[in-house]
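> Sharing entry32.txt below, compact mmCIF, C-alpha atoms:
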# COMPACT_ATOMS: atom_id res chain seq x y z
CA MET A 166 118.57 45.41 77.08
CA ASN A 167 119.15 41.70 76.46
CA LYS A 168 122.85 40.84 76.80
CA LYS A 169 124.31 37.49 75.75
CA LYS A 170 125.06 35.16 78.67
CA ILE A 171 128.06 32.81 78.56
CA GLU A 172 128.19 29.72 80.76
CA LEU A 173 131.26 29.24 82.94
CA GLU A 174 132.74 26.38 84.93
CA VAL A 175 135.24 26.37 87.78
CA LEU A 176 138.62 25.26 86.43
CA TYR A 177 140.81 25.67 89.52
CA VAL A 178 141.76 27.82 92.48
CA THR A 179 145.31 29.02 93.00
CA CYS A 180 147.22 31.42 95.23
CA SER A 181 146.84 35.00 94.06
CA GLN A 182 149.88 36.65 92.51
CA GLU A 183 148.33 40.06 93.19
CA ARG A 184 147.27 39.92 96.84
CA ALA A 185 149.00 38.14 99.70
CA GLY A 186 146.67 35.79 101.59
CA ALA A 187 144.12 35.75 98.77
CA TYR A 188 143.32 33.23 96.08
CA ALA A 189 142.41 33.41 92.41
CA MET A 190 139.43 31.39 91.25
CA ILE A 191 139.71 30.67 87.54
CA LEU A 192 136.41 30.23 85.73
CA GLY A 193 136.53 28.87 82.20
CA GLU A 194 134.14 29.48 79.34
CA VAL A 195 132.18 26.28 78.66
CA ASN A 196 133.03 25.20 75.09
CA GLY A 197 135.52 28.05 74.77
CA LYS A 198 139.08 29.09 75.60
CA ARG A 199 138.57 32.24 77.66
CA GLN A 200 139.27 32.20 81.38
CA LEU A 201 138.05 34.63 83.99
CA PRO A 202 140.26 35.15 87.08
CA ILE A 203 138.49 36.37 90.22
CA ILE A 204 140.25 37.16 93.51
CA ILE A 205 138.55 35.43 96.45
CA GLY A 206 139.12 34.95 100.17
CA THR A 207 140.53 31.97 102.01
CA ALA A 208 137.22 30.57 103.31
CA GLU A 209 135.61 30.67 99.86
CA ALA A 210 138.72 29.14 98.26
CA GLN A 211 138.55 26.30 100.77
CA ALA A 212 134.83 25.73 100.11
CA ILE A 213 135.34 25.66 96.35
CA MET A 214 138.41 23.41 96.52
CA LEU A 215 136.58 20.90 98.74
CA GLU A 216 133.78 20.75 96.18
CA ILE A 217 136.21 20.41 93.24
CA LYS A 218 137.98 17.53 94.97
CA GLY A 219 134.72 15.93 96.13
CA ILE A 220 135.73 16.07 99.79
CA GLU A 221 132.85 16.04 102.27
CA PRO A 222 133.88 17.54 105.65
CA SER A 223 132.65 15.75 108.78
CA ARG A 224 130.46 18.77 109.65
CA PRO A 225 128.77 21.04 107.08
CA LEU A 226 130.56 24.27 106.23
CA THR A 227 128.63 27.49 105.56
CA HIS A 228 127.85 26.93 101.86
CA SER A 229 126.77 23.33 102.45
CA LEU A 230 124.61 24.41 105.39
CA PHE A 231 122.94 27.15 103.34
CA SER A 232 122.36 24.73 100.47
CA SER A 233 120.76 22.21 102.87
CA VAL A 234 118.49 24.88 104.39
CA LEU A 235 117.32 26.03 100.94
CA GLN A 236 116.59 22.47 99.87
CA ALA A 237 114.74 21.73 103.14
CA LEU A 238 112.55 24.78 102.42
CA GLY A 239 111.83 23.52 98.89
CA ILE A 240 113.91 26.23 97.23
CA SER A 241 116.14 25.42 94.26
CA MET A 242 118.90 27.49 92.72
CA ILE A 243 118.29 28.37 89.09
CA GLN A 244 121.63 30.03 88.32
CA ALA A 245 124.45 32.30 89.45
CA VAL A 246 125.12 35.32 87.23
CA ILE A 247 128.23 37.51 87.37
CA HIS A 248 126.56 40.69 86.17
CA HIS A 249 129.01 43.52 86.80
CA VAL A 250 132.68 44.28 87.39
CA GLU A 251 134.12 47.51 88.70
CA ASN A 252 137.72 48.21 89.74
CA GLY A 253 138.52 44.49 89.73
CA ILE A 254 135.55 43.60 91.95
CA PHE A 255 133.00 41.22 90.47
CA TYR A 256 129.32 41.37 91.43
CA ALA A 257 126.92 38.44 91.22
CA TYR A 258 123.30 37.49 91.68
CA ILE A 259 121.90 34.17 92.84
CA TYR A 260 118.56 33.26 91.28
CA LEU A 261 116.38 31.06 93.51
CA LYS A 262 113.02 29.42 92.81
CA SER A 263 110.39 28.52 95.35
CA THR A 264 106.96 27.11 94.59
CA ASN A 265 105.44 30.52 93.91
CA ALA A 266 108.32 32.96 93.31
CA ILE A 267 111.65 33.52 91.63
CA LEU A 268 114.05 35.53 93.74
CA ARG A 269 117.18 37.43 92.77
CA VAL A 270 119.65 37.76 95.65
CA ASP A 271 122.79 39.92 95.65
CA SER A 272 125.89 37.87 96.44
CA ARG A 273 129.64 37.92 96.48
CA THR A 274 130.79 36.10 93.36
CA SER A 275 132.75 33.51 95.32
CA ASP A 276 129.69 32.65 97.45
CA ALA A 277 127.46 32.46 94.37
CA VAL A 278 129.91 30.05 92.71
CA ALA A 279 130.37 27.92 95.84
CA LEU A 280 126.59 27.63 96.25
CA ALA A 281 126.02 26.91 92.55
CA MET A 282 128.53 24.07 92.75
CA ARG A 283 126.68 22.51 95.69
CA MET A 284 123.24 22.96 94.17
CA THR A 285 124.35 21.96 90.64
CA ALA A 286 123.23 25.26 89.17
CA PRO A 287 124.90 26.83 86.12
CA ILE A 288 127.21 29.83 86.42
CA TYR A 289 126.99 32.62 83.84
CA THR A 290 128.48 35.96 82.98
CA TYR A 291 127.81 38.38 80.15
CA GLU A 292 129.79 38.49 76.92
CA ASP A 293 131.00 42.06 77.53
CA ILE A 294 132.46 41.11 80.93
CA LEU A 295 134.18 38.04 79.52
CA ALA A 296 135.49 40.05 76.57
CA THR A 297 137.14 42.68 78.78
CA GLU A 298 138.20 40.69 81.86
CA SER A 299 139.24 37.29 80.51
CA PHE A 300 142.46 35.82 79.19
CA THR A 301 143.32 32.69 77.25
CA GLU A 302 146.12 30.25 77.96
CA ASP A 303 147.81 31.40 74.74
CA THR A 304 147.66 35.04 75.87
CA CYS A 305 149.03 34.12 79.28
CA ARG A 306 151.85 32.04 77.76
CA GLN A 307 152.74 34.84 75.31
CA THR A 308 152.82 37.45 78.11
CA THR A 309 155.05 35.20 80.20
CA GLU A 310 157.45 34.73 77.28
CA GLU A 311 157.54 38.49 76.60
CA ASN A 312 158.29 39.19 80.28
CA ARG A 313 161.05 36.57 80.31
CA THR A 314 162.62 38.03 77.16
CA ARG A 315 162.51 41.56 78.61
CA THR A 316 164.06 40.29 81.85
CA LEU A 317 166.86 38.49 79.99
CA MET A 318 167.75 41.67 78.12
CA ASP A 319 168.23 43.48 81.45
CA GLU A 320 170.65 40.94 82.97
CA ASP A 321 174.46 40.84 82.75
CA LEU A 322 176.35 37.84 81.30
CA ASP A 323 177.24 36.32 84.69
CA THR A 324 173.61 36.36 85.76
CA LEU A 325 172.52 34.89 82.42
CA ASN A 326 175.05 32.04 82.72
CA ALA A 327 173.86 31.26 86.25
CA ALA A 328 170.21 31.38 85.11
CA MET A 329 170.97 29.02 82.21
CA GLU A 330 172.64 26.53 84.57
CA LYS A 331 169.61 26.69 86.87
CA ALA A 332 167.22 26.20 83.93
CA ILE A 333 169.18 23.13 82.78
CA GLU A 334 169.32 21.81 86.35
CA THR A 335 165.52 22.06 86.67
CA GLU A 336 165.08 20.61 83.15
CA ASN A 337 163.47 23.79 81.82
CA TYR A 338 165.21 23.37 78.47
CA GLU A 339 163.03 25.80 76.55
CA TYR A 340 163.97 28.65 78.90
CA ALA A 341 167.63 27.51 78.86
CA ALA A 342 167.59 27.79 75.05
CA GLN A 343 166.21 31.33 75.27
CA ILE A 344 169.00 32.29 77.67
CA ARG A 345 171.60 30.62 75.43
CA ASP A 346 170.33 32.61 72.46
CA GLU A 347 170.54 35.86 74.43
CA ILE A 348 174.13 35.06 75.48
CA LYS A 349 175.11 34.27 71.86
CA LYS A 350 173.50 37.51 70.66
CA ARG A 351 175.49 39.54 73.18
CA LYS A 352 178.79 37.83 72.41
CA ALA A 353 178.27 38.47 68.71
CA THR A 354 177.93 42.25 69.26
Have the structure of the file written as structure tokens, please.


Amino acid sequence: MNKKKIELEVLYVTCSQERAGAYAMILGEVNGKRQLPIIIGTAEAQAIMLEIKGIEPSRPLTHSLFSSVLQALGISMIQAVIHHVENGIFYAYIYLKSTNAILRVDSRTSDAVALAMRMTAPIYTYEDILATESFTEDTCRQTTEENRTRTLMDEDLDTLNAAMEKAIETENYEYAAQIRDEIKKRKAT
């Protein structure tokens, strides 16, 4: 079975909305709009953020150390491939090349990405994974708007007025207009 691979790049790392103390690494489709969120730990988030920002710590951290050891042994990294997802957990392989062998090594996705960034290797996933697990900015924005609208419909007029004042105060005029419209709709009925 030959599945289509899609190249990804690290867009950013942010605090996870789902799990306290965890982070979400957002991988973006190269030449595309889809984004793949993956929950990662603190150490991996730190390693990836340092690489994104181009910060070199005074002493090598784990991923940098491993990268240095591989290079000293004459081993290069061909690619990282996110090959499977199950119950929100992503699984990855690291493909390494020595002078006389190509090795496939099982890895946590966050470690595979952190290592690929240091060894300038591409990151891939399969089309079916991206199709089922990704989102686009437009989808995310639409979901946020739908949630806001649903929330507005559940609030009383006093709460809506206070929320509109807060939205104006923070210069979130688009949200203030939505609240205003909801207030007008209620007063009309």

> Give the padded box for range 276-279 of chain A as JSON: axis-aligned, covering all atoms listed in the file, 8 Å on each side, centre and edge lengths in Å to one decimal.


{"center_x": 128.9, "center_y": 30.3, "center_z": 95.1, "size_x": 18.9, "size_y": 20.7, "size_z": 20.7}

> Hey, which of A:Ala353, A:Ile267, A:Leu173, A:Ala281 ends up closest to Leu201 in chain A? Count all atoms listed in the file.

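Closest to Leu201 in chain A of all the choices is A:Leu173.
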
> For each of A:Asp271, A:Glu298, A:Glu330, A:Glu320, take the minimum atom-to-atom distance to Ile203 in chain A, counting only C-alpha atoms, then give the residue where this is smallest.

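So, comparing all the options, the nearest one is A:Glu298.
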
> For Met242 in chain A, please output as an mmCIF file with C-alpha atoms, keeping the file's coordinate frame all residues within 7 Å (counting all atoms listed in the file; exclusion window: fewer than 4 positions along the same chain).


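result-v9.cif, freshly written:
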data_model
loop_
_atom_site.group_PDB
_atom_site.id
_atom_site.type_symbol
_atom_site.label_atom_id
_atom_site.label_comp_id
_atom_site.auth_asym_id
_atom_site.auth_seq_id
_atom_site.Cartn_x
_atom_site.Cartn_y
_atom_site.Cartn_z
ATOM 1 C CA TYR A 260 118.560 33.260 91.280
ATOM 2 C CA LEU A 261 116.380 31.060 93.510
ATOM 3 C CA LYS A 262 113.020 29.420 92.810
ATOM 4 C CA MET A 284 123.240 22.960 94.170
ATOM 5 C CA ALA A 286 123.230 25.260 89.170
#

> What separation in Å, quoted to one decimal, exists between CA of Leu176 in chain A and CA of Glu194 in chain A?

9.4 Å

> Any idea what the distance is between CA of Pro225 in chain A and CA of Ile254 in chain A?

28.0 Å

> Out of A:Val278, A:Gly193, A:Glu334, A:Ser181, which residue has the shortest atom-to-atom distance to Glu216 in chain A when counting all atoms listed in the file?

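Among A:Val278, A:Gly193, A:Glu334, A:Ser181, it is A:Val278 that comes nearest to Glu216 in chain A.
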
> Distance CA of Leu230 in chain A-CA of Thr207 in chain A, one decimal place?

17.9 Å

> Could you check which residues have any atom within 12 Å of (132.1, 23.1, 75.4), counting only C-alpha atoms with coordinates taken straight from the file, and then list them as a ChimeraX atom specification?

/A:171-174,193-199

> Store the residues picked out above, limited to C-alpha atoms, as a CSV table (one decimal), in the coordinates of the input.


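File produced: result36.csv:
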chain,number,residue,atom,x,y,z
A,171,ILE,CA,128.1,32.8,78.6
A,172,GLU,CA,128.2,29.7,80.8
A,173,LEU,CA,131.3,29.2,82.9
A,174,GLU,CA,132.7,26.4,84.9
A,193,GLY,CA,136.5,28.9,82.2
A,194,GLU,CA,134.1,29.5,79.3
A,195,VAL,CA,132.2,26.3,78.7
A,196,ASN,CA,133.0,25.2,75.1
A,197,GLY,CA,135.5,28.0,74.8
A,198,LYS,CA,139.1,29.1,75.6
A,199,ARG,CA,138.6,32.2,77.7

> Looking at A:Leu268, A:Ile217, A:Val178, A:Leu280, which one is nearest to Ser233 in chain A, with distances taken over all atoms listed in the file?

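When distances to Ser233 in chain A are compared using all atoms listed in the file, the smallest one comes from A:Leu280.
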
> Taking all atoms listed in the file into account, which of A:Ser275, A:Asn252, A:Ile247, A:Arg351 comes nearest Tyr289 in chain A?

A:Ile247

> Taking (121.9, 42.7, 84.4) in the file's own coordinates, collect the residues within 8 Å, counting all atoms listed in the file, and hand them back as a compact mmCIF listing (two decimals) with C-alpha atoms, in the frame of the given file.


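Contents of the output file out.txt:
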# COMPACT_ATOMS: atom_id res chain seq x y z
CA LYS A 168 122.85 40.84 76.80
CA HIS A 248 126.56 40.69 86.17
CA HIS A 249 129.01 43.52 86.80

> Measuring atom to atom with only C-alpha atoms, identify which of A:Val270, A:Ala341, A:Met214, A:Ile288 is nearest to Gln244 in chain A.

A:Ile288

> Do you know which residues are at most 9 Å from Pro202 in chain A counting only C-alpha atoms, after dropping those on the same chain fewer than 6 positions away, and could you put them as a ChimeraX atom specification?

/A:189-193,298-300

> Within 12 Å of Asn265 in chain A, counting all atoms listed in the file, which residues qualify if same-chain residues fewer than 6 places away don't, as a list in words?

Gly239, Ile240 and Ser241 of chain A

> For Leu215 in chain A, find every residue with an atom within 12 Å (counting only C-alpha atoms), except residues of its own chain fewer than 3 positions away, and show them as a ChimeraX atom specification.

/A:177-178,208-212,218-223,225-226,228-229,279,282-283
